[in-house]
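J.: work_39.json is reproduced below (JSON, C-alpha atoms).
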[["chain", "number", "residue", "atom", "x", "y", "z"],
["E", 1, "MET", "CA", -8.04, 59.04, -9.47],
["E", 2, "LYS", "CA", -6.24, 59.28, -6.11],
["E", 3, "LEU", "CA", -8.88, 57.01, -4.57],
["E", 4, "LYS", "CA", -8.35, 54.48, -7.34],
["E", 5, "ASN", "CA", -4.59, 54.49, -6.75],
["E", 6, "ARG", "CA", -5.08, 54.05, -3.02],
["E", 7, "LEU", "CA", -7.39, 51.10, -3.62],
["E", 8, "LEU", "CA", -4.91, 49.51, -6.01],
["E", 9, "MET", "CA", -2.09, 49.88, -3.49],
["E", 10, "SER", "CA", -4.30, 48.32, -0.81],
["E", 11, "VAL", "CA", -5.05, 45.31, -2.98],
["E", 12, "VAL", "CA", -1.32, 44.80, -3.71],
["E", 13, "ALA", "CA", -0.48, 45.13, -0.01],
["E", 14, "LEU", "CA", -3.16, 42.63, 0.97],
["E", 15, "GLY", "CA", -1.89, 40.14, -1.62],
["E", 16, "LEU", "CA", 1.67, 40.46, -0.33],
["E", 17, "ALA", "CA", 0.55, 40.06, 3.27],
["E", 18, "SER", "CA", -1.46, 36.98, 2.35],
["E", 19, "ALA", "CA", 1.53, 35.39, 0.59],
["E", 20, "LEU", "CA", 3.80, 36.11, 3.57],
["E", 21, "SER", "CA", 1.30, 34.79, 6.11],
["E", 22, "GLY", "CA", 0.85, 31.46, 4.28],
["E", 23, "PRO", "CA", 3.12, 28.41, 4.62],
["E", 24, "ALA", "CA", 6.36, 30.04, 3.44],
["E", 25, "LEU", "CA", 8.02, 26.76, 2.47],
["E", 26, "ALA", "CA", 4.93, 24.93, 1.19],
["E", 27, "ALA", "CA", 6.35, 24.79, -2.33],
["E", 28, "ASP", "CA", 9.43, 23.04, -0.95],
["E", 29, "THR", "CA", 7.69, 20.63, 1.41],
["E", 30, "ILE", "CA", 7.43, 16.84, 1.19],
["E", 31, "ALA", "CA", 4.65, 15.08, 3.12],
["E", 32, "ILE", "CA", 5.55, 11.80, 4.85],
["E", 33, "ILE", "CA", 2.53, 9.69, 5.77],
["E", 34, "THR", "CA", 2.91, 6.37, 7.62],
["E", 35, "PRO", "CA", 1.17, 4.15, 10.15],
["E", 36, "SER", "CA", 1.71, 4.88, 13.86],
["E", 37, "HIS", "CA", 5.23, 5.61, 15.08],
["E", 38, "ASP", "CA", 4.48, 3.40, 18.09],
["E", 39, "ASN", "CA", 5.79, 0.68, 15.78],
["E", 40, "PRO", "CA", 9.56, 1.29, 15.45],
["E", 41, "PHE", "CA", 9.49, 0.13, 11.82],
["E", 42, "PHE", "CA", 7.20, 2.98, 10.79],
["E", 43, "LYS", "CA", 9.12, 5.48, 12.91],
["E", 44, "ALA", "CA", 12.31, 4.41, 11.13],
["E", 45, "GLU", "CA", 10.60, 5.05, 7.79],
["E", 46, "ALA", "CA", 9.49, 8.53, 8.84],
["E", 47, "ASP", "CA", 12.90, 9.36, 10.32],
["E", 48, "GLY", "CA", 14.74, 8.11, 7.23],
["E", 49, "ALA", "CA", 12.51, 10.07, 4.86],
["E", 50, "ALA", "CA", 12.68, 13.24, 6.95],
["E", 51, "ALA", "CA", 16.46, 13.07, 7.25],
["E", 52, "LYS", "CA", 16.92, 12.66, 3.49],
["E", 53, "ALA", "CA", 14.38, 15.41, 2.72],
["E", 54, "LYS", "CA", 16.20, 17.81, 5.02],
["E", 55, "GLU", "CA", 19.53, 16.87, 3.43],
["E", 56, "LEU", "CA", 18.08, 17.69, 0.00],
["E", 57, "GLY", "CA", 16.74, 21.05, 1.18],
["E", 58, "TYR", "CA", 13.06, 20.29, 1.78],
["E", 59, "GLU", "CA", 10.78, 20.98, 4.70],
["E", 60, "THR", "CA", 8.66, 18.03, 5.84],
["E", 61, "MET", "CA", 5.07, 17.45, 6.91],
["E", 62, "VAL", "CA", 5.15, 14.22, 8.97],
["E", 63, "LEU", "CA", 1.71, 12.65, 9.42],
["E", 64, "VAL", "CA", 0.31, 9.40, 10.85],
["E", 65, "HIS", "CA", -2.80, 7.60, 9.56],
["E", 66, "ASP", "CA", -2.96, 4.80, 12.19],
["E", 67, "ASP", "CA", -3.92, 2.30, 9.46],
["E", 68, "ASP", "CA", -7.23, 4.13, 9.05],
["E", 69, "ALA", "CA", -8.02, 4.72, 5.37],
["E", 70, "ASN", "CA", -10.49, 7.51, 6.19],
["E", 71, "LYS", "CA", -7.92, 9.34, 8.29],
["E", 72, "GLN", "CA", -5.37, 8.80, 5.52],
["E", 73, "ASN", "CA", -7.77, 10.41, 3.05],
["E", 74, "GLU", "CA", -8.07, 13.46, 5.32],
["E", 75, "LEU", "CA", -4.29, 13.68, 5.61],
["E", 76, "PHE", "CA", -4.02, 13.66, 1.81],
["E", 77, "ASP", "CA", -6.50, 16.54, 1.73],
["E", 78, "SER", "CA", -4.30, 18.44, 4.19],
["E", 79, "ALA", "CA", -1.15, 17.73, 2.20],
["E", 80, "ILE", "CA", -2.82, 18.77, -1.06],
["E", 81, "ALA", "CA", -4.16, 21.96, 0.52],
["E", 82, "ALA", "CA", -0.67, 22.78, 1.80],
["E", 83, "GLY", "CA", 0.68, 22.48, -1.72],
["E", 84, "VAL", "CA", 3.34, 19.90, -0.97],
["E", 85, "LYS", "CA", 5.72, 18.93, -3.74],
["E", 86, "ALA", "CA", 5.41, 15.17, -3.17],
["E", 87, "ILE", "CA", 4.00, 12.56, -0.81],
["E", 88, "ILE", "CA", 5.95, 9.64, 0.67],
["E", 89, "LEU", "CA", 3.41, 7.03, 1.75],
["E", 90, "ASP", "CA", 3.27, 3.76, 3.66],
["E", 91, "ASN", "CA", -0.38, 3.18, 2.97],
["E", 92, "ALA", "CA", -3.44, 2.20, 4.99],
["E", 93, "GLY", "CA", -4.70, -0.53, 2.66],
["E", 94, "ALA", "CA", -3.88, -1.81, -0.82],
["E", 95, "ASP", "CA", -7.35, -1.12, -2.22],
["E", 96, "ALA", "CA", -8.49, 1.68, 0.07],
["E", 97, "SER", "CA", -5.48, 3.90, -0.70],
["E", 98, "VAL", "CA", -5.82, 4.03, -4.49],
["E", 99, "ALA", "CA", -8.36, 6.88, -4.46],
["E", 100, "ALA", "CA", -6.24, 9.09, -2.20],
["E", 101, "VAL", "CA", -3.12, 8.60, -4.32],
["E", 102, "GLN", "CA", -5.15, 9.29, -7.47],
["E", 103, "LYS", "CA", -6.59, 12.44, -5.89],
["E", 104, "ALA", "CA", -3.07, 13.74, -5.27],
["E", 105, "LYS", "CA", -2.00, 12.83, -8.80],
["E", 106, "ASP", "CA", -4.97, 14.75, -10.19],
["E", 107, "LYS", "CA", -3.60, 17.81, -8.37],
["E", 108, "ASP", "CA", -0.13, 17.18, -9.89],
["E", 109, "ILE", "CA", 1.28, 15.96, -6.58],
["E", 110, "PRO", "CA", 3.22, 12.71, -7.10],
["E", 111, "SER", "CA", 3.19, 9.90, -4.54],
["E", 112, "PHE", "CA", 6.08, 7.57, -3.75],
["E", 113, "LEU", "CA", 5.03, 4.42, -1.89],
["E", 114, "ILE", "CA", 7.20, 2.48, 0.53],
["E", 115, "ASP", "CA", 6.79, -0.88, 2.31],
["E", 116, "ARG", "CA", 3.24, -1.59, 1.07],
["E", 117, "GLU", "CA", 1.94, -1.70, -2.47],
["E", 118, "ILE", "CA", -1.44, -0.55, -3.76],
["E", 119, "THR", "CA", -3.49, -2.65, -6.16],
["E", 120, "ASN", "CA", -3.34, -0.23, -9.11],
["E", 121, "THR", "CA", -0.31, 0.71, -11.17],
["E", 122, "GLY", "CA", 0.17, 4.03, -12.93],
["E", 123, "VAL", "CA", -1.25, 6.00, -10.00],
["E", 124, "ALA", "CA", 1.86, 6.33, -7.83],
["E", 125, "VAL", "CA", 5.20, 7.25, -9.42],
["E", 126, "SER", "CA", 7.12, 4.65, -7.41],
["E", 127, "GLN", "CA", 6.25, 1.65, -5.25],
["E", 128, "ILE", "CA", 9.40, 0.67, -3.36],
["E", 129, "VAL", "CA", 8.83, -2.43, -1.27],
["E", 130, "SER", "CA", 10.79, -5.18, 0.38],
["E", 131, "ASN", "CA", 10.88, -8.48, -1.47],
["E", 132, "ASN", "CA", 8.51, -9.93, 1.10],
["E", 133, "TYR", "CA", 8.28, -13.33, -0.55],
["E", 134, "GLN", "CA", 12.07, -13.73, -0.72],
["E", 135, "GLY", "CA", 12.36, -12.52, 2.90],
["E", 136, "ALA", "CA", 9.66, -14.88, 4.11],
["E", 137, "GLN", "CA", 11.42, -17.79, 2.48],
["E", 138, "LEU", "CA", 14.65, -16.85, 4.26],
["E", 139, "GLY", "CA", 12.80, -16.74, 7.57],
["E", 140, "ALA", "CA", 11.02, -20.01, 6.90],
["E", 141, "GLU", "CA", 14.24, -21.80, 6.01],
["E", 142, "GLU", "CA", 15.79, -20.67, 9.30],
["E", 143, "PHE", "CA", 12.62, -21.65, 11.18],
["E", 144, "VAL", "CA", 12.71, -25.16, 9.67],
["E", 145, "LYS", "CA", 16.33, -25.53, 10.73],
["E", 146, "LEU", "CA", 15.68, -24.25, 14.26],
["E", 147, "MET", "CA", 12.72, -26.63, 14.59],
["E", 148, "GLY", "CA", 14.81, -29.61, 13.49],
["E", 149, "GLU", "CA", 12.29, -30.12, 10.64],
["E", 150, "LYS", "CA", 9.55, -31.36, 12.98],
["E", 151, "GLY", "CA", 7.01, -30.29, 15.57],
["E", 152, "ASN", "CA", 3.75, -28.39, 15.96],
["E", 153, "TYR", "CA", 3.86, -24.67, 15.25],
["E", 154, "ALA", "CA", 1.64, -21.60, 15.08],
["E", 155, "GLU", "CA", 1.66, -18.67, 12.68],
["E", 156, "LEU", "CA", 0.74, -15.08, 13.54],
["E", 157, "VAL", "CA", -0.51, -13.15, 10.52],
["E", 158, "GLY", "CA", -0.71, -9.39, 9.94],
["E", 159, "LYS", "CA", -3.63, -7.24, 8.86],
["E", 160, "GLU", "CA", -5.80, -8.89, 6.22],
["E", 161, "SER", "CA", -6.03, -5.60, 4.28],
["E", 162, "ASP", "CA", -2.23, -5.45, 3.98],
["E", 163, "THR", "CA", -0.87, -7.23, 0.90],
["E", 164, "ASN", "CA", 2.39, -7.94, 2.74],
["E", 165, "ALA", "CA", 0.60, -10.14, 5.28],
["E", 166, "GLY", "CA", -0.55, -12.55, 2.59],
["E", 167, "ILE", "CA", 2.74, -12.52, 0.68],
["E", 168, "ARG", "CA", 4.77, -13.33, 3.80],
["E", 169, "SER", "CA", 2.41, -16.10, 4.83],
["E", 170, "GLN", "CA", 2.64, -17.62, 1.35],
["E", 171, "GLY", "CA", 6.42, -17.43, 1.44],
["E", 172, "TYR", "CA", 6.48, -19.16, 4.81],
["E", 173, "HIS", "CA", 4.21, -21.97, 3.70],
["E", 174, "ASP", "CA", 5.92, -22.58, 0.37],
["E", 175, "VAL", "CA", 8.95, -23.62, 2.40],
["E", 176, "ILE", "CA", 7.51, -25.11, 5.60],
["E", 177, "ASP", "CA", 4.82, -27.18, 3.88],
["E", 178, "GLN", "CA", 7.54, -29.24, 2.22],
["E", 179, "TYR", "CA", 8.26, -30.83, 5.62],
["E", 180, "ALA", "CA", 5.63, -33.40, 6.56],
["E", 181, "ASP", "CA", 6.68, -33.48, 10.22],
["E", 182, "LEU", "CA", 6.13, -29.74, 10.68],
["E", 183, "LYS", "CA", 2.44, -29.31, 11.51],
["E", 184, "SER", "CA", 0.54, -26.01, 11.61],
["E", 185, "VAL", "CA", -1.87, -26.17, 14.56],
["E", 186, "ALA", "CA", -2.93, -22.51, 14.56],
["E", 187, "LYS", "CA", -2.91, -19.59, 12.13],
["E", 188, "GLN", "CA", -4.38, -16.37, 13.51],
["E", 189, "THR", "CA", -4.15, -12.67, 12.80],
["E", 190, "ALA", "CA", -2.85, -10.31, 15.45],
["E", 191, "ASN", "CA", -3.09, -7.26, 13.14],
["E", 192, "TRP", "CA", 0.63, -6.41, 13.44],
["E", 193, "SER", "CA", -0.02, -5.61, 17.14],
["E", 194, "GLN", "CA", 2.13, -6.62, 20.10],
["E", 195, "THR", "CA", -0.73, -6.55, 22.59],
["E", 196, "GLU", "CA", -3.01, -8.56, 20.29],
["E", 197, "ALA", "CA", -0.22, -11.07, 19.69],
["E", 198, "TYR", "CA", 0.21, -11.54, 23.44],
["E", 199, "THR", "CA", -3.49, -12.34, 23.85],
["E", 200, "VAL", "CA", -3.61, -14.58, 20.78],
["E", 201, "MET", "CA", -0.52, -16.46, 21.94],
["E", 202, "GLU", "CA", -2.09, -17.08, 25.35],
["E", 203, "SER", "CA", -5.12, -18.66, 23.66],
["E", 204, "ILE", "CA", -2.97, -20.76, 21.33],
["E", 205, "LEU", "CA", -0.93, -22.05, 24.26],
["E", 206, "GLN", "CA", -4.09, -23.11, 26.10],
["E", 207, "ALA", "CA", -5.37, -24.98, 23.04],
["E", 208, "HIS", "CA", -2.00, -26.40, 21.98],
["E", 209, "PRO", "CA", 0.32, -26.76, 24.99],
["E", 210, "ASP", "CA", 2.64, -29.00, 22.96],
["E", 211, "ILE", "CA", 3.55, -26.21, 20.56],
["E", 212, "LYS", "CA", 7.24, -26.05, 19.59],
["E", 213, "GLY", "CA", 7.46, -22.97, 17.39],
["E", 214, "VAL", "CA", 5.87, -19.66, 16.33],
["E", 215, "ILE", "CA", 6.55, -17.90, 13.05],
["E", 216, "SER", "CA", 5.32, -14.33, 12.91],
["E", 217, "GLY", "CA", 4.45, -11.92, 10.10],
["E", 218, "ASN", "CA", 6.33, -9.10, 11.84],
["E", 219, "ASP", "CA", 8.61, -8.40, 14.79],
["E", 220, "THR", "CA", 5.99, -6.56, 16.82],
["E", 221, "MET", "CA", 3.78, -9.65, 16.93],
["E", 222, "ALA", "CA", 6.83, -11.82, 17.56],
["E", 223, "MET", "CA", 7.64, -9.71, 20.63],
["E", 224, "GLY", "CA", 4.07, -10.10, 21.91],
["E", 225, "ALA", "CA", 4.14, -13.85, 21.34],
["E", 226, "TYR", "CA", 7.50, -14.23, 23.04],
["E", 227, "ALA", "CA", 6.31, -12.23, 26.06],
["E", 228, "ALA", "CA", 3.29, -14.55, 26.43],
["E", 229, "LEU", "CA", 5.49, -17.62, 26.08],
["E", 230, "GLU", "CA", 7.94, -16.25, 28.64],
["E", 231, "ALA", "CA", 5.11, -15.50, 31.07],
["E", 232, "ALA", "CA", 3.99, -19.12, 30.70],
["E", 233, "GLY", "CA", 7.51, -20.40, 31.35],
["E", 234, "ARG", "CA", 7.85, -21.64, 27.74],
["E", 235, "LYS", "CA", 11.26, -20.35, 26.68],
["E", 236, "ASP", "CA", 11.73, -23.62, 24.80],
["E", 237, "VAL", "CA", 9.44, -22.46, 21.97],
["E", 238, "VAL", "CA", 11.24, -21.25, 18.81],
["E", 239, "VAL", "CA", 10.06, -17.77, 17.72],
["E", 240, "VAL", "CA", 10.99, -16.17, 14.38],
["E", 241, "GLY", "CA", 9.90, -12.68, 13.33],
["E", 242, "PHE", "CA", 10.09, -10.39, 10.31],
["E", 243, "ASP", "CA", 11.27, -6.73, 10.05],
["E", 244, "GLY", "CA", 14.65, -6.49, 11.77],
["E", 245, "SER", "CA", 13.73, -4.26, 14.70],
["E", 246, "ASN", "CA", 16.14, -3.27, 17.48],
["E", 247, "ASP", "CA", 13.82, -4.92, 20.02],
["E", 248, "VAL", "CA", 14.08, -8.29, 18.31],
["E", 249, "ARG", "CA", 17.80, -7.77, 17.74],
["E", 250, "ASP", "CA", 18.23, -7.40, 21.50],
["E", 251, "SER", "CA", 16.06, -10.45, 22.15],
["E", 252, "ILE", "CA", 18.16, -12.51, 19.74],
["E", 253, "LYS", "CA", 21.37, -11.36, 21.43],
["E", 254, "ASN", "CA", 19.90, -12.37, 24.80],
["E", 255, "GLY", "CA", 18.87, -15.83, 23.58],
["E", 256, "GLY", "CA", 15.14, -15.11, 23.33],
["E", 257, "ILE", "CA", 13.64, -14.80, 19.85],
["E", 258, "LYS", "CA", 15.82, -16.85, 17.51],
["E", 259, "ALA", "CA", 15.73, -14.97, 14.20],
["E", 260, "THR", "CA", 14.10, -12.26, 12.12],
["E", 261, "VAL", "CA", 14.29, -10.97, 8.55],
["E", 262, "LEU", "CA", 15.56, -7.46, 7.95],
["E", 263, "GLN", "CA", 13.66, -5.34, 5.50],
["E", 264, "PRO", "CA", 15.57, -2.08, 4.99],
["E", 265, "ALA", "CA", 12.89, 0.40, 6.07],
["E", 266, "TYR", "CA", 15.22, 3.35, 6.56],
["E", 267, "GLN", "CA", 16.88, 2.93, 3.17],
["E", 268, "GLN", "CA", 13.54, 2.41, 1.39],
["E", 269, "ALA", "CA", 12.28, 5.71, 2.74],
["E", 270, "GLN", "CA", 15.47, 7.50, 1.75],
["E", 271, "ASN", "CA", 15.30, 6.03, -1.75],
["E", 272, "ALA", "CA", 11.72, 7.27, -2.07],
["E", 273, "VAL", "CA", 12.73, 10.83, -1.15],
["E", 274, "GLU", "CA", 15.65, 10.75, -3.58],
["E", 275, "GLN", "CA", 13.28, 9.63, -6.34],
["E", 276, "ALA", "CA", 10.78, 12.30, -5.37],
["E", 277, "ASP", "CA", 13.50, 14.94, -5.57],
["E", 278, "LYS", "CA", 14.54, 13.75, -9.03],
["E", 279, "PHE", "CA", 10.92, 13.66, -10.21],
["E", 280, "ILE", "CA", 10.25, 17.16, -8.89],
["E", 281, "LYS", "CA", 13.28, 18.48, -10.75],
["E", 282, "THR", "CA", 13.09, 16.48, -14.00],
["E", 283, "GLY", "CA", 9.60, 14.98, -14.25],
["E", 284, "LYS", "CA", 10.87, 11.40, -14.10],
["E", 285, "THR", "CA", 12.80, 9.00, -11.87],
["E", 286, "GLY", "CA", 14.46, 6.88, -14.56],
["E", 287, "LEU", "CA", 13.24, 3.76, -12.71],
["E", 288, "GLU", "CA", 10.35, 1.31, -12.97],
["E", 289, "GLU", "CA", 7.33, 2.05, -10.80],
["E", 290, "LYS", "CA", 7.61, -1.22, -8.85],
["E", 291, "GLN", "CA", 10.96, -1.77, -7.17],
["E", 292, "LEU", "CA", 11.89, -4.69, -4.91],
["E", 293, "MET", "CA", 14.59, -4.59, -2.23],
["E", 294, "ASP", "CA", 15.90, -7.93, -0.98],
["E", 295, "CYS", "CA", 15.68, -8.86, 2.70],
["E", 296, "ILE", "CA", 18.46, -10.26, 4.92],
["E", 297, "LEU", "CA", 18.26, -13.02, 7.53],
["E", 298, "ILE", "CA", 19.17, -11.86, 11.05],
["E", 299, "ASN", "CA", 20.17, -14.41, 13.68],
["E", 300, "ALA", "CA", 22.74, -14.74, 16.45],
["E", 301, "ASP", "CA", 25.55, -14.57, 13.88],
["E", 302, "ASN", "CA", 24.87, -11.01, 12.72],
["E", 303, "ALA", "CA", 22.38, -9.44, 15.16],
["E", 304, "SER", "CA", 25.12, -7.27, 16.70],
["E", 305, "LYS", "CA", 25.51, -5.47, 13.35],
["E", 306, "LEU", "CA", 21.86, -4.45, 13.18],
["E", 307, "GLU", "CA", 20.82, -0.90, 14.07],
["E", 308, "THR", "CA", 17.53, 0.85, 13.26],
["E", 309, "PHE", "CA", 16.57, -1.42, 10.35],
["E", 310, "ALA", "CA", 19.98, -1.23, 8.75],
["E", 311, "LEU", "CA", 22.88, -3.69, 8.78],
["E", 312, "SER", "CA", 26.42, -2.36, 9.14],
["E", 313, "GLU", "CA", 29.36, -3.94, 7.34]]
For this file, write the structure as structure tokens.
T.:
Amino acid sequence: MKLKNRLLMSVVALGLASALSGPALAADTIAIITPSHDNPFFKAEADGAAAKAKELGYETMVLVHDDDANKQNELFDSAIAAGVKAIILDNAGADASVAAVQKAKDKDIPSFLIDREITNTGVAVSQIVSNNYQGAQLGAEEFVKLMGEKGNYAELVGKESDTNAGIRSQGYHDVIDQYADLKSVAKQTANWSQTEAYTVMESILQAHPDIKGVISGNDTMAMGAYAALEAAGRKDVVVVGFDGSNDVRDSIKNGGIKATVLQPAYQQAQNAVEQADKFIKTGKTGLEEKQLMDCILINADNASKLETFALSE
């Protein structure tokens, strides 16, 4: 009998030790998964989400998938194993991410998407994205004005697997194509990358030295294109970006890149965490799954008010 009691006490002690040695705050942790923080847009998302999570009393697990769907899948496995309460995700592909989000849902872990949509509905709780089409039209209208409604131009497009790349391109063309004297001489992907954009822009300049403008799917590519143009002594070429980064803000203020379109990355991420918190506590957000946030044109008139993907009053 004494032996039995000793064994029982040992089992209880082991269970307690195991509970204490595990992730103490796992039940109160939110995972934040984004592309690389080398891009300031994605870093702003992660920072915004982490700040709001901390404010609401959560720990965070901040992870980076580098736009690799396989790596993203592994990160979901890690988040699920850690028993996180929710996942905030800027995904690694509209189609490729559905299975990972579904896997989390099957384990009763809700996902809240920001910036990029997935192709299926009813899998994530929320998909909070910028109104990319509206933003692209704003950028295109400014581009047309800056170009004087004429001239040859090039377009730099983002990753083909990213729905936003296609939506922005469509928004650009639905405006620009109305002007017969604006001629597209090159349309190439630079995969959202500054270094790729630099190389692509060099090639475009060699093939089309008479180019007058470049409209870019994001600010990172716009910065790469502008650097290549500057290196070639072509500061006369109009460059317009999309995102609202501090780098492009500074370029606009210095007379370099002419305009960009702000998508509120920081606020999107904070909204996602607020919705996750409400869902964790009540089982619902009270909002539609798909939510659009309008974009804002940034040019020399308001660039000084821009800071970390947010516009001050």
J.: For Val248 of chain E, which residue among E:Ser111, E:Asn152, E:Ser130, E:Ser304 is the nearest when counting all atoms listed in the file?
T.: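 Of the candidates, the smallest distance to Val248 of chain E is held by E:Ser304.
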J.: List every protein, DNA or RNA residue that has at least one atom no more than 6 Å from (15.1, 5.2, 5.8) in the file's coordinates, counting all atoms listed in the file, and write the result as an MDAnalysis selection string.
T.: chainID E and resid 45 48:49 265:270
J.: Between E:Val125, E:Ala276, E:Met221, E:Ala96, which residue has the minimum interatomic distance to Ile30 of chain E, considering all atoms listed in the file?
T.: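 Nearest candidate to Ile30 of chain E out of E:Val125, E:Ala276, E:Met221, E:Ala96: E:Ala276.
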J.: Taking into account all atoms listed in the file, which residue in the set E:Glu142, E:Gln170, E:Ile280, E:Ala228 is nearest to Gly241 of chain E?
T.: E:Glu142
J.: Can you pull out the residues contacting Leu182 of chain E? Cut-off 10 Å, using all atoms listed in the file, and skip same-chain residues under 3 positions away; I want them as a PyMOL selection string.
T.: chain E and resi 144+147-153+176-179+185+212-213
J.: Counting all atoms listed in the file, figure out which residue out of E:Ala46, E:Ile257, E:Ala69, E:Val129 gets nearest to Asp95 of chain E.
T.: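 Ranked by minimum distance to Asp95 of chain E, first place goes to E:Ala69.
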J.: Select, counting only C-alpha atoms, all protein, DNA and RNA residues no farther than 12 Å from (-0.7, -1.0, 2.4) in file coordinates, and express the selection as an MDAnalysis selection string.
T.: chainID E and resid 33:35 65:69 72 89:98 101 113:120 127:129 158:166
J.: Give me the residues within 10 Å of Ala186 of chain E as a compact mmCIF listing (two decimals) with C-alpha atoms, in the coordinates of the input, counting all atoms listed in the file and dropping any in the same chain fewer than 5 places off.
T.:
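Listing of selection-v1.txt after writing:
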# COMPACT_ATOMS: atom_id res chain seq x y z
CA ASN E 152 3.75 -28.39 15.96
CA TYR E 153 3.86 -24.67 15.25
CA ALA E 154 1.64 -21.60 15.08
CA GLU E 155 1.66 -18.67 12.68
CA LEU E 156 0.74 -15.08 13.54
CA MET E 201 -0.52 -16.46 21.94
CA ILE E 204 -2.97 -20.76 21.33
CA LEU E 205 -0.93 -22.05 24.26
CA ALA E 207 -5.37 -24.98 23.04
CA HIS E 208 -2.00 -26.40 21.98
CA ILE E 211 3.55 -26.21 20.56
CA VAL E 214 5.87 -19.66 16.33
J.: Give the centre and edge lengths of an axis-aligned box, in Å to one decimal, that holds all listed atoms of segment 167-176 of chain E with 5 Å on each side, as AutoDock Vina command-line options.
T.:
--center_x 5.7 --center_y -18.8 --center_z 3.0 --size_x 16.5 --size_y 22.6 --size_z 15.2
J.: Could you tell me how far atom CA of Asp28 of chain E sits from atom CA of Leu56 of chain E, in Å to one decimal place?
T.: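 Separation of atom CA of Leu56 of chain E and atom CA of Asp28 of chain E: 10.2 Å.
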J.: E:Lys71, E:Ser203, E:Tyr133, E:Ala99: which is nearest Ser169 of chain E, counting all atoms listed in the file?
T.: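 Of E:Lys71, E:Ser203, E:Tyr133, E:Ala99, the one nearest Ser169 of chain E, counting all atoms listed in the file, is E:Tyr133.
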J.: Do a neighbour search on Gln194 of chain E at 8 Å with all atoms listed in the file, toss out local chain neighbours closer than 6 positions, and write the hits as a list in words.
T.: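 These residues fall inside the cut-off: Thr220, Met221, Ala222, Met223, Gly224 and Ala225 of chain E.
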J.: Would you output that residue set with C-alpha atoms, as a PDB file, in the coordinates of the input?
T.:
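Contents of result_14.pdb, freshly written:
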ATOM      1  CA  THR E 220       5.990  -6.560  16.820  1.00  0.00           C
ATOM      2  CA  MET E 221       3.780  -9.650  16.930  1.00  0.00           C
ATOM      3  CA  ALA E 222       6.830 -11.820  17.560  1.00  0.00           C
ATOM      4  CA  MET E 223       7.640  -9.710  20.630  1.00  0.00           C
ATOM      5  CA  GLY E 224       4.070 -10.100  21.910  1.00  0.00           C
ATOM      6  CA  ALA E 225       4.140 -13.850  21.340  1.00  0.00           C
TER       7      ALA E 225
END
J.: Tell me which protein, DNA and RNA residues are within 8 Å of segment 292-298 of chain E, counting only C-alpha atoms, leaving out same-chain ones fewer than 4 positions away, and put them as an MDAnalysis selection string.
T.: chainID E and resid 128:132 134:135 138:139 244 249 259:264 268 302:303
J.: Expressed in Å to a single decimal, how great is the separation between atom CA of Arg168 of chain E and atom CA of Ala140 of chain E?
T.: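 Straight-line distance from atom CA of Arg168 of chain E to atom CA of Ala140 of chain E works out to 9.7 Å.
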J.: Quick one, how far is atom CA of Lys105 of chain E from atom CA of Ala124 of chain E?
T.: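 Separating atom CA of Lys105 of chain E from atom CA of Ala124 of chain E is a distance of 7.6 Å.
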J.: Considering all atoms listed in the file, state which residue in the set E:Lys290, E:Lys258, E:Lys253, E:Lys52 is at the smallest distance from Leu306 of chain E.
T.: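 Using all atoms listed in the file, the shortest distance to Leu306 of chain E belongs to E:Lys253.
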J.: Within 12 Å of segment 74-83 of chain E, which residues of segment 105-136 of chain E show up? Give each one with its shortest atom-to-atom distance in Å (one decimal) and the two atoms involved, counting all atoms listed in the file, rows by chain then rising residue number, as CSV.
T.:
residue,atom,partner,partner_atom,distance
E:Lys105,CA,E:Ile80,CA,9.8
E:Asp106,CA,E:Ile80,CA,10.2
E:Lys107,CA,E:Ile80,CA,7.4
E:Asp108,CA,E:Ile80,CA,9.4
E:Ile109,CA,E:Ile80,CA,7.4
E:Pro110,CA,E:Ile80,CA,10.5
E:Ser111,CA,E:Phe76,CA,10.3
J.: Create the file for the chosen residues now, containing C-alpha atoms and written as an mmCIF file, in the coordinates of the input.
T.:
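Final file, out.cif:
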data_model
loop_
_atom_site.group_PDB
_atom_site.id
_atom_site.type_symbol
_atom_site.label_atom_id
_atom_site.label_comp_id
_atom_site.auth_asym_id
_atom_site.auth_seq_id
_atom_site.Cartn_x
_atom_site.Cartn_y
_atom_site.Cartn_z
ATOM 1 C CA LYS E 105 -2.000 12.830 -8.800
ATOM 2 C CA ASP E 106 -4.970 14.750 -10.190
ATOM 3 C CA LYS E 107 -3.600 17.810 -8.370
ATOM 4 C CA ASP E 108 -0.130 17.180 -9.890
ATOM 5 C CA ILE E 109 1.280 15.960 -6.580
ATOM 6 C CA PRO E 110 3.220 12.710 -7.100
ATOM 7 C CA SER E 111 3.190 9.900 -4.540
#
J.: For Lys235 of chain E, find every residue with an atom within 9 Å (counting only C-alpha atoms), except residues of its own chain fewer than 6 positions away, and show them as a JSON list (two decimals) with C-alpha atoms, in the coordinates of the input.
T.:
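The file below, selection08.json, is the result:
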[["chain", "number", "residue", "atom", "x", "y", "z"],
["E", 226, "TYR", "CA", 7.50, -14.23, 23.04],
["E", 229, "LEU", "CA", 5.49, -17.62, 26.08],
["E", 256, "GLY", "CA", 15.14, -15.11, 23.33]]
